[in-house]
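Asks: work_26.txt is reproduced below (compact mmCIF, N, CA and C atoms).
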```txt
# COMPACT_ATOMS: atom_id res chain seq x y z
N MET A 193 68.19 -5.23 -83.63
CA MET A 193 66.84 -5.75 -83.69
C MET A 193 66.84 -7.20 -84.17
N ILE A 194 65.90 -7.94 -83.69
CA ILE A 194 65.78 -9.34 -84.06
C ILE A 194 64.77 -9.47 -85.20
N ALA A 195 65.15 -10.16 -86.24
CA ALA A 195 64.24 -10.43 -87.35
C ALA A 195 63.36 -11.62 -87.00
N LEU A 196 62.06 -11.49 -87.21
CA LEU A 196 61.12 -12.56 -86.94
C LEU A 196 60.49 -12.98 -88.25
N ASP A 197 60.87 -14.13 -88.75
CA ASP A 197 60.35 -14.62 -90.02
C ASP A 197 59.23 -15.62 -89.77
N TYR A 198 58.28 -15.63 -90.68
CA TYR A 198 57.28 -16.68 -90.71
C TYR A 198 56.79 -16.82 -92.14
N TYR A 199 56.02 -17.84 -92.39
CA TYR A 199 55.56 -18.15 -93.73
C TYR A 199 54.03 -18.15 -93.74
N LEU A 200 53.46 -17.78 -94.89
CA LEU A 200 52.01 -17.73 -95.03
C LEU A 200 51.57 -18.52 -96.24
N ILE A 201 50.47 -19.22 -96.06
CA ILE A 201 49.78 -19.88 -97.16
C ILE A 201 48.45 -19.15 -97.32
N THR A 202 48.15 -18.68 -98.52
CA THR A 202 46.87 -18.00 -98.74
C THR A 202 45.91 -18.93 -99.48
N PHE A 203 44.64 -18.59 -99.41
CA PHE A 203 43.59 -19.43 -99.96
C PHE A 203 42.54 -18.59 -100.65
N ASP A 204 41.81 -19.21 -101.59
CA ASP A 204 40.74 -18.51 -102.29
C ASP A 204 39.42 -18.59 -101.54
N SER A 205 39.33 -19.50 -100.57
CA SER A 205 38.09 -19.62 -99.80
C SER A 205 38.39 -19.91 -98.33
N THR A 206 37.47 -19.48 -97.49
CA THR A 206 37.59 -19.75 -96.06
C THR A 206 37.54 -21.25 -95.80
N HIS A 207 36.72 -21.95 -96.55
CA HIS A 207 36.62 -23.40 -96.40
C HIS A 207 37.97 -24.08 -96.65
N ALA A 208 38.68 -23.65 -97.70
CA ALA A 208 39.99 -24.23 -98.01
C ALA A 208 41.00 -23.92 -96.91
N ALA A 209 40.93 -22.72 -96.36
CA ALA A 209 41.85 -22.34 -95.28
C ALA A 209 41.61 -23.19 -94.04
N MET A 210 40.35 -23.39 -93.69
CA MET A 210 40.02 -24.19 -92.51
C MET A 210 40.37 -25.66 -92.73
N ALA A 211 40.17 -26.15 -93.94
CA ALA A 211 40.52 -27.54 -94.26
C ALA A 211 42.02 -27.75 -94.14
N ALA A 212 42.82 -26.78 -94.61
CA ALA A 212 44.28 -26.90 -94.52
C ALA A 212 44.73 -26.84 -93.06
N GLU A 213 44.11 -25.97 -92.28
CA GLU A 213 44.46 -25.90 -90.85
C GLU A 213 44.21 -27.25 -90.19
N SER A 214 43.07 -27.84 -90.44
CA SER A 214 42.73 -29.14 -89.86
C SER A 214 43.69 -30.22 -90.35
N PHE A 215 44.00 -30.22 -91.64
CA PHE A 215 44.92 -31.19 -92.23
C PHE A 215 46.28 -31.17 -91.52
N PHE A 216 46.87 -29.98 -91.37
CA PHE A 216 48.19 -29.89 -90.75
C PHE A 216 48.14 -30.18 -89.25
N LYS A 217 47.12 -29.71 -88.57
CA LYS A 217 47.03 -29.98 -87.14
C LYS A 217 46.83 -31.46 -86.86
N ASN A 218 46.13 -32.15 -87.73
CA ASN A 218 45.97 -33.61 -87.57
C ASN A 218 47.28 -34.35 -87.74
N LYS A 219 48.25 -33.71 -88.36
CA LYS A 219 49.58 -34.28 -88.52
C LYS A 219 50.56 -33.70 -87.49
N ASN A 220 50.01 -33.05 -86.47
CA ASN A 220 50.79 -32.44 -85.38
C ASN A 220 51.80 -31.41 -85.88
N ILE A 221 51.42 -30.66 -86.90
CA ILE A 221 52.24 -29.58 -87.43
C ILE A 221 51.66 -28.27 -86.89
N ARG A 222 52.53 -27.47 -86.31
CA ARG A 222 52.08 -26.22 -85.69
C ARG A 222 51.83 -25.15 -86.75
N VAL A 223 50.56 -24.89 -87.00
CA VAL A 223 50.13 -23.83 -87.90
C VAL A 223 49.05 -23.03 -87.18
N LYS A 224 48.77 -21.84 -87.70
CA LYS A 224 47.74 -21.01 -87.09
C LYS A 224 46.98 -20.26 -88.18
N LEU A 225 45.66 -20.34 -88.13
CA LEU A 225 44.81 -19.59 -89.05
C LEU A 225 44.74 -18.15 -88.56
N ILE A 226 45.14 -17.21 -89.42
CA ILE A 226 45.18 -15.79 -89.04
C ILE A 226 44.56 -14.95 -90.15
N PRO A 227 44.13 -13.73 -89.80
CA PRO A 227 43.68 -12.82 -90.85
C PRO A 227 44.84 -12.52 -91.79
N LEU A 228 44.53 -12.37 -93.06
CA LEU A 228 45.55 -12.05 -94.04
C LEU A 228 46.11 -10.66 -93.74
N PRO A 229 47.43 -10.52 -93.61
CA PRO A 229 48.01 -9.20 -93.33
C PRO A 229 47.64 -8.20 -94.43
N SER A 230 47.51 -6.95 -94.06
CA SER A 230 47.06 -5.93 -95.01
C SER A 230 48.06 -5.69 -96.15
N VAL A 231 49.31 -6.09 -95.98
CA VAL A 231 50.30 -5.90 -97.04
C VAL A 231 50.10 -6.88 -98.20
N ILE A 232 49.23 -7.87 -97.98
CA ILE A 232 48.91 -8.85 -99.03
C ILE A 232 47.43 -8.73 -99.36
N SER A 233 47.13 -8.51 -100.60
CA SER A 233 45.72 -8.46 -101.00
C SER A 233 45.44 -9.64 -101.92
N ALA A 234 44.84 -10.65 -101.34
CA ALA A 234 44.55 -11.85 -102.12
C ALA A 234 43.55 -12.71 -101.38
N GLY A 235 42.86 -13.51 -102.11
CA GLY A 235 42.06 -14.58 -101.54
C GLY A 235 40.92 -14.20 -100.63
N CYS A 236 40.70 -15.04 -99.65
CA CYS A 236 39.51 -14.97 -98.81
C CYS A 236 39.67 -14.11 -97.56
N GLY A 237 40.85 -13.64 -97.28
CA GLY A 237 41.04 -12.84 -96.08
C GLY A 237 41.66 -13.62 -94.92
N PHE A 238 41.85 -14.91 -95.10
CA PHE A 238 42.52 -15.73 -94.10
C PHE A 238 43.78 -16.35 -94.69
N SER A 239 44.72 -16.61 -93.83
CA SER A 239 45.95 -17.28 -94.24
C SER A 239 46.38 -18.23 -93.14
N LEU A 240 47.24 -19.13 -93.49
CA LEU A 240 47.78 -20.08 -92.52
C LEU A 240 49.22 -19.70 -92.24
N ARG A 241 49.50 -19.42 -90.98
CA ARG A 241 50.86 -19.04 -90.56
C ARG A 241 51.65 -20.30 -90.25
N VAL A 242 52.84 -20.39 -90.84
CA VAL A 242 53.71 -21.55 -90.66
C VAL A 242 55.02 -21.07 -90.04
N LEU A 243 55.44 -21.74 -88.99
CA LEU A 243 56.71 -21.39 -88.35
C LEU A 243 57.87 -21.85 -89.22
N PRO A 244 58.99 -21.12 -89.18
CA PRO A 244 60.16 -21.56 -89.96
C PRO A 244 60.58 -23.00 -89.66
N SER A 245 60.42 -23.42 -88.42
CA SER A 245 60.81 -24.78 -88.03
C SER A 245 59.91 -25.85 -88.66
N GLU A 246 58.76 -25.46 -89.20
CA GLU A 246 57.81 -26.41 -89.79
C GLU A 246 57.84 -26.42 -91.31
N VAL A 247 58.59 -25.51 -91.93
CA VAL A 247 58.57 -25.35 -93.39
C VAL A 247 58.96 -26.62 -94.11
N LYS A 248 60.03 -27.27 -93.69
CA LYS A 248 60.50 -28.49 -94.38
C LYS A 248 59.48 -29.63 -94.29
N THR A 249 58.65 -29.60 -93.27
CA THR A 249 57.60 -30.61 -93.13
C THR A 249 56.39 -30.24 -93.98
N VAL A 250 56.06 -28.96 -94.03
CA VAL A 250 54.87 -28.49 -94.75
C VAL A 250 55.04 -28.56 -96.26
N GLU A 251 56.22 -28.22 -96.76
CA GLU A 251 56.43 -28.14 -98.21
C GLU A 251 56.05 -29.41 -98.97
N PRO A 252 56.55 -30.58 -98.61
CA PRO A 252 56.16 -31.77 -99.39
C PRO A 252 54.67 -32.08 -99.27
N LEU A 253 54.08 -31.77 -98.13
CA LEU A 253 52.65 -32.01 -97.97
C LEU A 253 51.82 -31.12 -98.88
N LEU A 254 52.27 -29.88 -99.08
CA LEU A 254 51.57 -28.98 -100.00
C LEU A 254 51.61 -29.52 -101.42
N LEU A 255 52.75 -30.08 -101.79
CA LEU A 255 52.91 -30.59 -103.15
C LEU A 255 52.19 -31.92 -103.37
N GLN A 256 52.08 -32.74 -102.33
CA GLN A 256 51.52 -34.08 -102.48
C GLN A 256 50.03 -34.17 -102.14
N SER A 257 49.54 -33.23 -101.37
CA SER A 257 48.15 -33.31 -100.93
C SER A 257 47.22 -32.69 -101.97
N GLU A 258 45.95 -32.82 -101.71
CA GLU A 258 44.95 -32.20 -102.57
C GLU A 258 44.42 -30.90 -101.96
N LEU A 259 45.21 -30.30 -101.07
CA LEU A 259 44.81 -29.03 -100.47
C LEU A 259 44.71 -27.96 -101.56
N GLU A 260 43.72 -27.10 -101.42
CA GLU A 260 43.51 -26.02 -102.39
C GLU A 260 44.07 -24.73 -101.81
N TRP A 261 45.32 -24.44 -102.12
CA TRP A 261 45.95 -23.21 -101.65
C TRP A 261 46.21 -22.30 -102.84
N SER A 262 46.42 -21.03 -102.54
CA SER A 262 46.57 -20.04 -103.60
C SER A 262 48.02 -19.61 -103.80
N LYS A 263 48.56 -18.87 -102.83
CA LYS A 263 49.93 -18.37 -102.94
C LYS A 263 50.68 -18.58 -101.64
N LEU A 264 52.00 -18.51 -101.74
CA LEU A 264 52.88 -18.73 -100.60
C LEU A 264 53.79 -17.52 -100.42
N TYR A 265 53.95 -17.10 -99.17
CA TYR A 265 54.78 -15.95 -98.88
C TYR A 265 55.67 -16.20 -97.69
N LYS A 266 56.82 -15.54 -97.69
CA LYS A 266 57.68 -15.47 -96.52
C LYS A 266 57.59 -14.04 -96.03
N ILE A 267 57.31 -13.88 -94.74
CA ILE A 267 57.22 -12.55 -94.13
C ILE A 267 58.44 -12.37 -93.25
N VAL A 268 59.19 -11.33 -93.53
CA VAL A 268 60.36 -10.99 -92.72
C VAL A 268 60.01 -9.72 -91.95
N LYS A 269 59.95 -9.86 -90.64
CA LYS A 269 59.62 -8.71 -89.79
C LYS A 269 60.89 -8.24 -89.09
N LEU A 270 61.12 -6.96 -89.20
CA LEU A 270 62.24 -6.35 -88.50
C LEU A 270 61.68 -5.11 -87.81
N GLY A 271 61.45 -5.24 -86.51
CA GLY A 271 60.82 -4.15 -85.78
C GLY A 271 59.39 -3.98 -86.24
N ARG A 272 59.04 -2.76 -86.67
CA ARG A 272 57.67 -2.47 -87.12
C ARG A 272 57.50 -2.63 -88.63
N THR A 273 58.54 -3.04 -89.29
CA THR A 273 58.51 -3.17 -90.74
C THR A 273 58.36 -4.63 -91.15
N SER A 274 57.56 -4.87 -92.16
CA SER A 274 57.41 -6.22 -92.71
C SER A 274 57.78 -6.21 -94.17
N LYS A 275 58.55 -7.20 -94.57
CA LYS A 275 58.92 -7.38 -95.96
C LYS A 275 58.29 -8.67 -96.44
N VAL A 276 57.56 -8.61 -97.54
CA VAL A 276 56.89 -9.78 -98.09
C VAL A 276 57.72 -10.30 -99.26
N GLU A 277 58.06 -11.57 -99.18
CA GLU A 277 58.85 -12.22 -100.24
C GLU A 277 58.10 -13.45 -100.71
N PRO A 278 58.30 -13.87 -101.94
CA PRO A 278 57.70 -15.14 -102.37
C PRO A 278 58.33 -16.30 -101.62
N TRP A 279 57.52 -17.28 -101.28
CA TRP A 279 58.01 -18.52 -100.66
C TRP A 279 58.08 -19.53 -101.79
N VAL A 280 59.26 -19.84 -102.21
CA VAL A 280 59.47 -20.78 -103.32
C VAL A 280 59.68 -22.17 -102.72
N LEU A 281 58.81 -23.09 -103.08
CA LEU A 281 58.92 -24.44 -102.56
C LEU A 281 60.19 -25.10 -103.07
N SER A 282 60.87 -25.79 -102.19
CA SER A 282 62.12 -26.44 -102.57
C SER A 282 61.91 -27.60 -103.53
N GLY A 283 60.68 -28.11 -103.60
CA GLY A 283 60.37 -29.21 -104.51
C GLY A 283 60.10 -28.77 -105.94
N ASN A 284 60.07 -27.46 -106.19
CA ASN A 284 59.80 -26.95 -107.56
C ASN A 284 61.08 -26.74 -108.33
```
Mind converting the file's structure to structure tokens?
Replies:
Amino acid sequence: MIALDYYLITFDSTHAAMAAESFFKNKNIRVKLIPLPSVISAGCGFSLRVLPSEVKTVEPLLLQSELEWSKLYKIVKLGRTSKVEPWVLSGN
């Protein structure tokens, strides 16, 4: 089976989630606003999905910008199973 990893940024408000989506898309970074997966109970119910290929670009922007984000997760999918891990920023 192929493991499909992606990263999630969660938010406390829908407004913050939409602002972050706009911020990254304006910088030509591929992100997608998605419903928060049921394995995570936090925030407003929306999250921003980040591709592994975009993580190194997104991380410094999260640290340097005034975006209001809540928590960061790495989702490892293997078949029908999902494993949720903390996404630790390399700048911390």
Asks: Determine, counting only N, CA and C atoms, which protein, DNA and RNA residues have an atom within 6 Å of an atom of Trp261 of chain A; residues of the same chain fewer than 2 positions away are not included. Present the result as a PyMOL selection string.
Replies: chain A and resi 202-204+259+263
Asks: Between A:Leu228, A:Leu243, A:Leu264, A:Leu270, which one has atoms that come closest to Ile201 of chain A, using all atoms listed in the file?
Replies: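 The answer is A:Leu264, which sits nearest to Ile201 of chain A.
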Asks: Which one of A:Gln256, A:Ser274, A:Thr249, A:Ser262 sits closest to Val231 of chain A if you count only C-alpha atoms?
Replies: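 Smallest separation from Val231 of chain A among the options: A:Ser274.
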Asks: Got a sec to tell me which of segment 196-239 of chain A DSSP assigns to strand (DSSP E or B), as a ChimeraX atom specification?
Replies: /A:196-202,223-227,238-239
Asks: Between A:Lys248, A:Ser239, A:Leu254, A:Val280, single out the one closest to Lys266 of chain A, counting all atoms listed in the file.
Replies: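 Nearest candidate to Lys266 of chain A out of A:Lys248, A:Ser239, A:Leu254, A:Val280: A:Val280.
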Asks: Let's see if you can do this: from backbone DSSP, list all helix (DSSP H, G or I) residues in segment 228-279 of chain A, as a PyMOL selection string.
Replies: chain A and resi 244-256
Asks: What lies within 9 Å of segment 206-217 of chain A using only C-alpha atoms, ignoring chain neighbours under 5 positions off, as JSON, numbers by chain?
Replies: {"A": [201, 222, 223, 224, 225, 235, 236, 237, 238, 239, 240, 250, 253, 259, 260, 261]}
Asks: Can you measure atom N of Glu246 of chain A to atom CA of Ile226 of chain A for me? One decimal in Å is fine.
Replies: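 According to the coordinates, atom N of Glu246 of chain A and atom CA of Ile226 of chain A are separated by 16.7 Å.
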Asks: Figure out the distance between atom N of Leu255 of chain A and atom C of Leu196 of chain A, please, to one decimal in Å.
Replies: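 Atom N of Leu255 of chain A lies at a distance of 23.1 Å from atom C of Leu196 of chain A.
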Asks: Could you state the separation of atom N of Thr273 of chain A and atom C of Tyr199 of chain A in Å, given to one decimal place?
Replies: 16.4 Å
